[in-house]
Amino acid sequence: MNILLYDLGSNRKELNEPYGIESIAGALKQEIKKINIDFKWDLLEPFNTNDLSNDYDIIGISAKLGTLEVLEKVASFFTKERKSKRLIVGGPISTFGYPQLLKKFNDLICVRGEGEASFVEICKAYQKGNWNIDNIKNISNLAFKVEDDIVLTNRKVEELSQFNPPLRHYLNDIVKKKGIVRIENSRGCSWSNCDFCSVSEHYGVKCWRPFQIDFIIDQMKLLSSKGCFSPYFTDEDFFGGDYERGILLANTIIEEKKKGVISSKMNFFFSVRINDVLHKKGILAIKKWKEAGLRELFVGLESGVQKQLKRYGKPATPNRNAKVIEILKELEIQLDIGYILFDPEMDFEELEENIQYIKKERLSHHDSRSLKKIRAQPFTKSTSRYIDKNIIDGDLDLNLLFYPLAYKDDKVFQIMNLFGEWENKLSDKVYLLQSASRGEIECESYRIYLKEELSNIRELDYEVLLQILNYVKGKIDYSNLTLFQEEVLNKKTILLENIKTINNWA
C-alpha cells in the first residue's frame, strides 16, 4: 500500500517541523503492515506535478493557514489526473473550513482535529476493500459529501497513550537549517473558555490530556541525539493544572541530563496560563522547569483593559497581567505574549487605554507582536456573538480562516487599517527575523541578540501607531504622518539589513 503524506507548508516564512504528517506516519507504521510512506513538504519542495507522478493509493494533505492556493492546485491535479486516488485533507483549513472546502471539491474527505486514528482507519478500510459510505461513516472526526449533503461523523478524543512516536522524516533538515523542532507534552486546555479560542472545536471536547512521561523523555533523547537543543512544545496548556506531574517531568529531565542521555544544552519553550504564574504550586513547577532548561514561556495576556478581557472570556485583570510580567522578569525567564489590541466591540477610549498599558508595561519594546487584531474564526464563542450582533461583514476567508468584521467605532477601524498597511511593508523580513529567533540556536546569546533586534522593530511600530493615533485625533495632518512613516521605514529597513544572518534556508 502506497501512501503520500503532503504538508503544504505555511503562509509564514518559518521553518516549522511538519509534525502533523510525521505523527500520522508514526501511527500508520504502528498499525498497518506492508505500507510504503512517501513525504512531501511544500516549504522545502514547492509544488511540482513532476514530483507527484508516483502511483499512490491514498494521499493525505495537511493544509495550514495561507495554503489554499496550493491545496487547490494539488487537489485539482490528483482529481483530474488520478481519479482512482483518495484525497484526505487535514489541518486547520479542513477542521474549521470543511463546509466551504467541500463545496470546492466534492470528493475530498476532511479530517476534523486529530488525524492519527482517523487516517489509519481510512487506510485500513481501503486496504481491506471495504471502501463504502457505511464503513466511512463509522470512522470518527470526518466530514465528507454524499450527493449534496455534508456528512459529519462523531467526534472522538483519542487515548494518547496508544499513539506511536512521530516518524521524524524531516528532523535532520530542520536541525541543519536552524528551524523549529516540535514536541508534545499534552493536548487541549484545562480552561477552554476564552471566547476567541478554537481549541475545543479542534479536539471536539473541552479537556486536557497529557502524554506519558516516558513517551516524552524518549522523544527528548532522540532529539538530543540528532543535535536538537531547543524543541518547542506544541501544547496549548502545558501544565493543565497538574503541577505535580509537571514537576515530576522536569525532575526526570534533570536526572537524564545528569546521565548525559539528554544534552545539558537542551532548553525549552512552552505555553502556560496566567493562573500558572500566579499560583503557588505553578511557580514551584516553573522554577523546577527552569532548572531543567526552561528558557521562555508563552502567556496569553491579550489586553490591558478590563472590559476587553471580559469580552474575551479571560479570567484575568490588567493588574494580574502586570504581575505575571513582573514575576517572569524576576525569574529571568523570557516571555512571549499573546496580545489582541483591536476588537470590533471596543470604543476609542478602550483603544487609548490599551495603548497606554502597552507603554506602561514596556510591551512596546518586546519581541512579541502585541499590536494585533482579533480573528473571528469559525466555531468560536466570539464569532457566534458577532453573528448574533450582525458584526460579521462578509463570507469566511477560507485561506486564512477568519470572517471580516464591522467595527462599531469608525476611529478604531481607521487606526487598525492604517496600522495594518504600515505593518505589511516589511512583514516578510520581520517574520524571517522572528523565525530565526525561535529556531535551533546553539548559542543562546545569539538568540538574545536576535530578540533584542526584534524588540527594536516592535518599538518602531509602536511609535508609528502613536502617530496614527495623533492623526485620527486631528493633532497632525496626513502629510506629517506619511513623512514620519517614511523616516521610520528607513530606520526599520537599515536595522533589518544590518542583522547578522536571519536564517539558513529562505
# chains A, B, ... in the order shown; residues from 1 in each chain; ligands from 1
>>> residues_around(residues="Lys33 of chain A", least_positions_apart="5", cutoff="10 Å", atoms="only C-alpha atoms", output="list in words")
Met1, Leu28 and Lys124 of chain A
>>> write_last_selection(atoms="C-alpha atoms", output="tab-separated table (two decimals), in the first residue's frame")
chain	number	residue	atom	x	y	z
A	1	MET	CA	0.00	0.00	0.00
A	28	LEU	CA	0.47	4.17	10.14
A	124	LYS	CA	-7.41	0.02	6.76
>>> select_by_dssp(residues="segment 106-269 of chain A", states="alpha helix (DSSP H)", output="number ranges by chain")
A: 116-127, 133-136, 171-176, 199-203, 213-225, 243-259
>>> atom_distance(atom1="atom CA of Gly20 of chain A", atom2="atom CA of Gly90 of chain A")
8.9 Å
>>> residues_around(residues="segment 388-390 of chain A", least_positions_apart="5", cutoff="12 Å", atoms="only C-alpha atoms", output="NGL selection string")
:A and (344-345 or 381-383 or 403-408)
>>> residues_around(residues="segment 448-454 of chain A", least_positions_apart="2", cutoff="9 Å", atoms="only C-alpha atoms", output="list of chain:residue names")
A:His365, A:His366, A:Asp367, A:Ser368, A:Val430, A:Leu433, A:Gln434, A:Ala436, A:Ser437, A:Arg438, A:Glu444, A:Ser445, A:Tyr446, A:Asn456, A:Ile457, A:Arg458, A:Glu459, A:Leu495, A:Leu496, A:Ile499, A:Lys500, A:Ile502
>>> closest_residue(among="A:Met220, A:Leu301, A:Ile247, A:Cys189", to="Lys281 of chain A", atoms="only C-alpha atoms")
A:Ile247
>>> closest_residue(among="A:Phe229, A:Tyr471, A:Trp191, A:Phe119", to="Ala27 of chain A", atoms="only C-alpha atoms")
A:Phe119
>>> select_by_dssp(residues="segment 32-196 of chain A", states="strand (DSSP E or B)", output="ChimeraX atom specification")
/A:36-41,58-62,86-90,109-111,142-146,149-152,180,182-183,186-188
>>> write_last_selection(atoms="C-alpha atoms", output="compact mmCIF listing (two decimals), in the first residue's frame")
# COMPACT_ATOMS: atom_id res chain seq x y z
CA ASN A 36 5.19 2.44 1.94
CA ILE A 37 5.05 6.09 3.02
CA ASP A 38 6.42 8.97 0.96
CA PHE A 39 6.65 12.53 2.25
CA LYS A 40 6.42 15.92 0.60
CA TRP A 41 6.72 19.31 2.30
CA ILE A 58 -4.16 7.44 -0.62
CA ILE A 59 -2.84 10.98 -0.39
CA GLY A 60 -3.01 12.75 2.98
CA ILE A 61 -2.72 16.54 2.77
CA SER A 62 -2.05 18.84 5.70
CA ARG A 86 -8.41 9.05 -2.38
CA LEU A 87 -7.62 12.54 -1.10
CA ILE A 88 -7.75 13.07 2.66
CA VAL A 89 -7.29 16.64 3.89
CA GLY A 90 -6.45 17.57 7.47
CA ILE A 109 -12.60 13.60 2.86
CA CYS A 110 -11.92 16.20 5.54
CA VAL A 111 -10.43 15.27 8.91
CA LEU A 142 -14.58 13.15 9.41
CA ALA A 143 -16.58 15.39 7.11
CA PHE A 144 -17.43 14.41 3.52
CA LYS A 145 -20.14 14.77 0.92
CA VAL A 146 -22.80 12.26 -0.06
CA ASP A 149 -25.25 16.68 1.77
CA ILE A 150 -22.28 17.01 4.11
CA VAL A 151 -21.94 14.06 6.47
CA LEU A 152 -20.29 14.64 9.84
CA ILE A 180 11.84 24.86 14.76
CA ARG A 182 8.28 20.32 17.69
CA ILE A 183 7.44 18.08 20.64
CA SER A 186 -0.25 17.32 26.12
CA ARG A 187 -3.25 18.25 24.02
CA GLY A 188 -6.17 20.51 24.87
>>> residues_around(residues="Lys373 of chain A", least_positions_apart="3", cutoff="9 Å", atoms="only C-alpha atoms", output="number ranges by chain")
A: 339-344, 416
>>> atom_distance(atom1="atom CA of Arg375 of chain A", atom2="atom CA of Thr482 of chain A")
27.7 Å
>>> residues_around(residues="segment 315-332 of chain A", least_positions_apart="4", cutoff="8 Å", atoms="only C-alpha atoms", output="MDAnalysis selection string")
chainID A and resid 274 277:278 287 301 303:306 309:310 361
>>> write_last_selection(atoms="N, CA and C atoms", output="PDB file, in the first residue's frame")
ATOM      1  N   ILE A 274      -2.132  32.312  32.688  1.00  0.00           N
ATOM      2  CA  ILE A 274      -1.807  33.348  33.670  1.00  0.00           C
ATOM      3  C   ILE A 274      -1.855  32.775  35.080  1.00  0.00           C
ATOM      4  N   VAL A 277       1.300  31.142  36.554  1.00  0.00           N
ATOM      5  CA  VAL A 277       2.369  32.013  37.040  1.00  0.00           C
ATOM      6  C   VAL A 277       2.006  32.621  38.391  1.00  0.00           C
ATOM      7  N   LEU A 278       0.711  32.753  38.656  1.00  0.00           N
ATOM      8  CA  LEU A 278       0.254  33.381  39.895  1.00  0.00           C
ATOM      9  C   LEU A 278      -0.086  32.362  40.981  1.00  0.00           C
ATOM     10  N   LYS A 287       9.760  27.090  38.367  1.00  0.00           N
ATOM     11  CA  LYS A 287      11.136  27.142  38.866  1.00  0.00           C
ATOM     12  C   LYS A 287      11.866  25.824  38.630  1.00  0.00           C
ATOM     13  N   LEU A 301      -1.710  37.177  27.540  1.00  0.00           N
ATOM     14  CA  LEU A 301      -2.188  38.325  28.318  1.00  0.00           C
ATOM     15  C   LEU A 301      -3.419  38.936  27.666  1.00  0.00           C
ATOM     16  N   SER A 303      -4.840  41.614  26.732  1.00  0.00           N
ATOM     17  CA  SER A 303      -5.289  43.014  26.817  1.00  0.00           C
ATOM     18  C   SER A 303      -4.885  43.622  28.153  1.00  0.00           C
ATOM     19  N   GLY A 304      -4.858  44.956  28.173  1.00  0.00           N
ATOM     20  CA  GLY A 304      -4.648  45.697  29.411  1.00  0.00           C
ATOM     21  C   GLY A 304      -5.879  46.460  29.826  1.00  0.00           C
ATOM     22  N   VAL A 305      -7.033  46.098  29.260  1.00  0.00           N
ATOM     23  CA  VAL A 305      -8.304  46.784  29.542  1.00  0.00           C
ATOM     24  C   VAL A 305      -9.294  45.751  30.086  1.00  0.00           C
ATOM     25  N   GLN A 306      -9.864  46.020  31.254  1.00  0.00           N
ATOM     26  CA  GLN A 306     -10.711  45.036  31.913  1.00  0.00           C
ATOM     27  C   GLN A 306     -11.942  44.677  31.084  1.00  0.00           C
ATOM     28  N   LEU A 309     -10.887  42.296  28.354  1.00  0.00           N
ATOM     29  CA  LEU A 309     -10.589  40.971  28.897  1.00  0.00           C
ATOM     30  C   LEU A 309     -11.868  40.190  29.186  1.00  0.00           C
ATOM     31  N   LYS A 310     -12.876  40.886  29.702  1.00  0.00           N
ATOM     32  CA  LYS A 310     -14.160  40.237  29.982  1.00  0.00           C
ATOM     33  C   LYS A 310     -14.813  39.761  28.692  1.00  0.00           C
ATOM     34  N   GLU A 361       3.761  48.932  30.555  1.00  0.00           N
ATOM     35  CA  GLU A 361       4.351  47.629  30.867  1.00  0.00           C
ATOM     36  C   GLU A 361       5.508  47.262  29.942  1.00  0.00           C
TER      37      GLU A 361
END
>>> closest_residue(among="A:Asn267, A:Asn164, A:Thr95, A:Gln485", to="Ala25 of chain A", atoms="only C-alpha atoms")
A:Asn164
>>> atom_distance(atom1="atom CA of Tyr386 of chain A", atom2="atom CA of Glu350 of chain A")
18.7 Å
>>> closest_residue(among="A:Leu65, A:Ala376, A:Leu284, A:Leu426", to="Phe402 of chain A", atoms="only C-alpha atoms")
A:Ala376
>>> residues_around(residues="Arg155 of chain A", least_positions_apart="3", cutoff="7 Å", atoms="only C-alpha atoms", output="PDB file with C-alpha atoms, in the first residue's frame")
ATOM      1  CA  SER A 140     -14.625   9.398  13.769  1.00  0.00           C
ATOM      2  CA  ASN A 141     -13.732  13.044  13.119  1.00  0.00           C
ATOM      3  CA  GLY A 204     -14.261  18.223  19.801  1.00  0.00           C
TER       4      GLY A 204
END
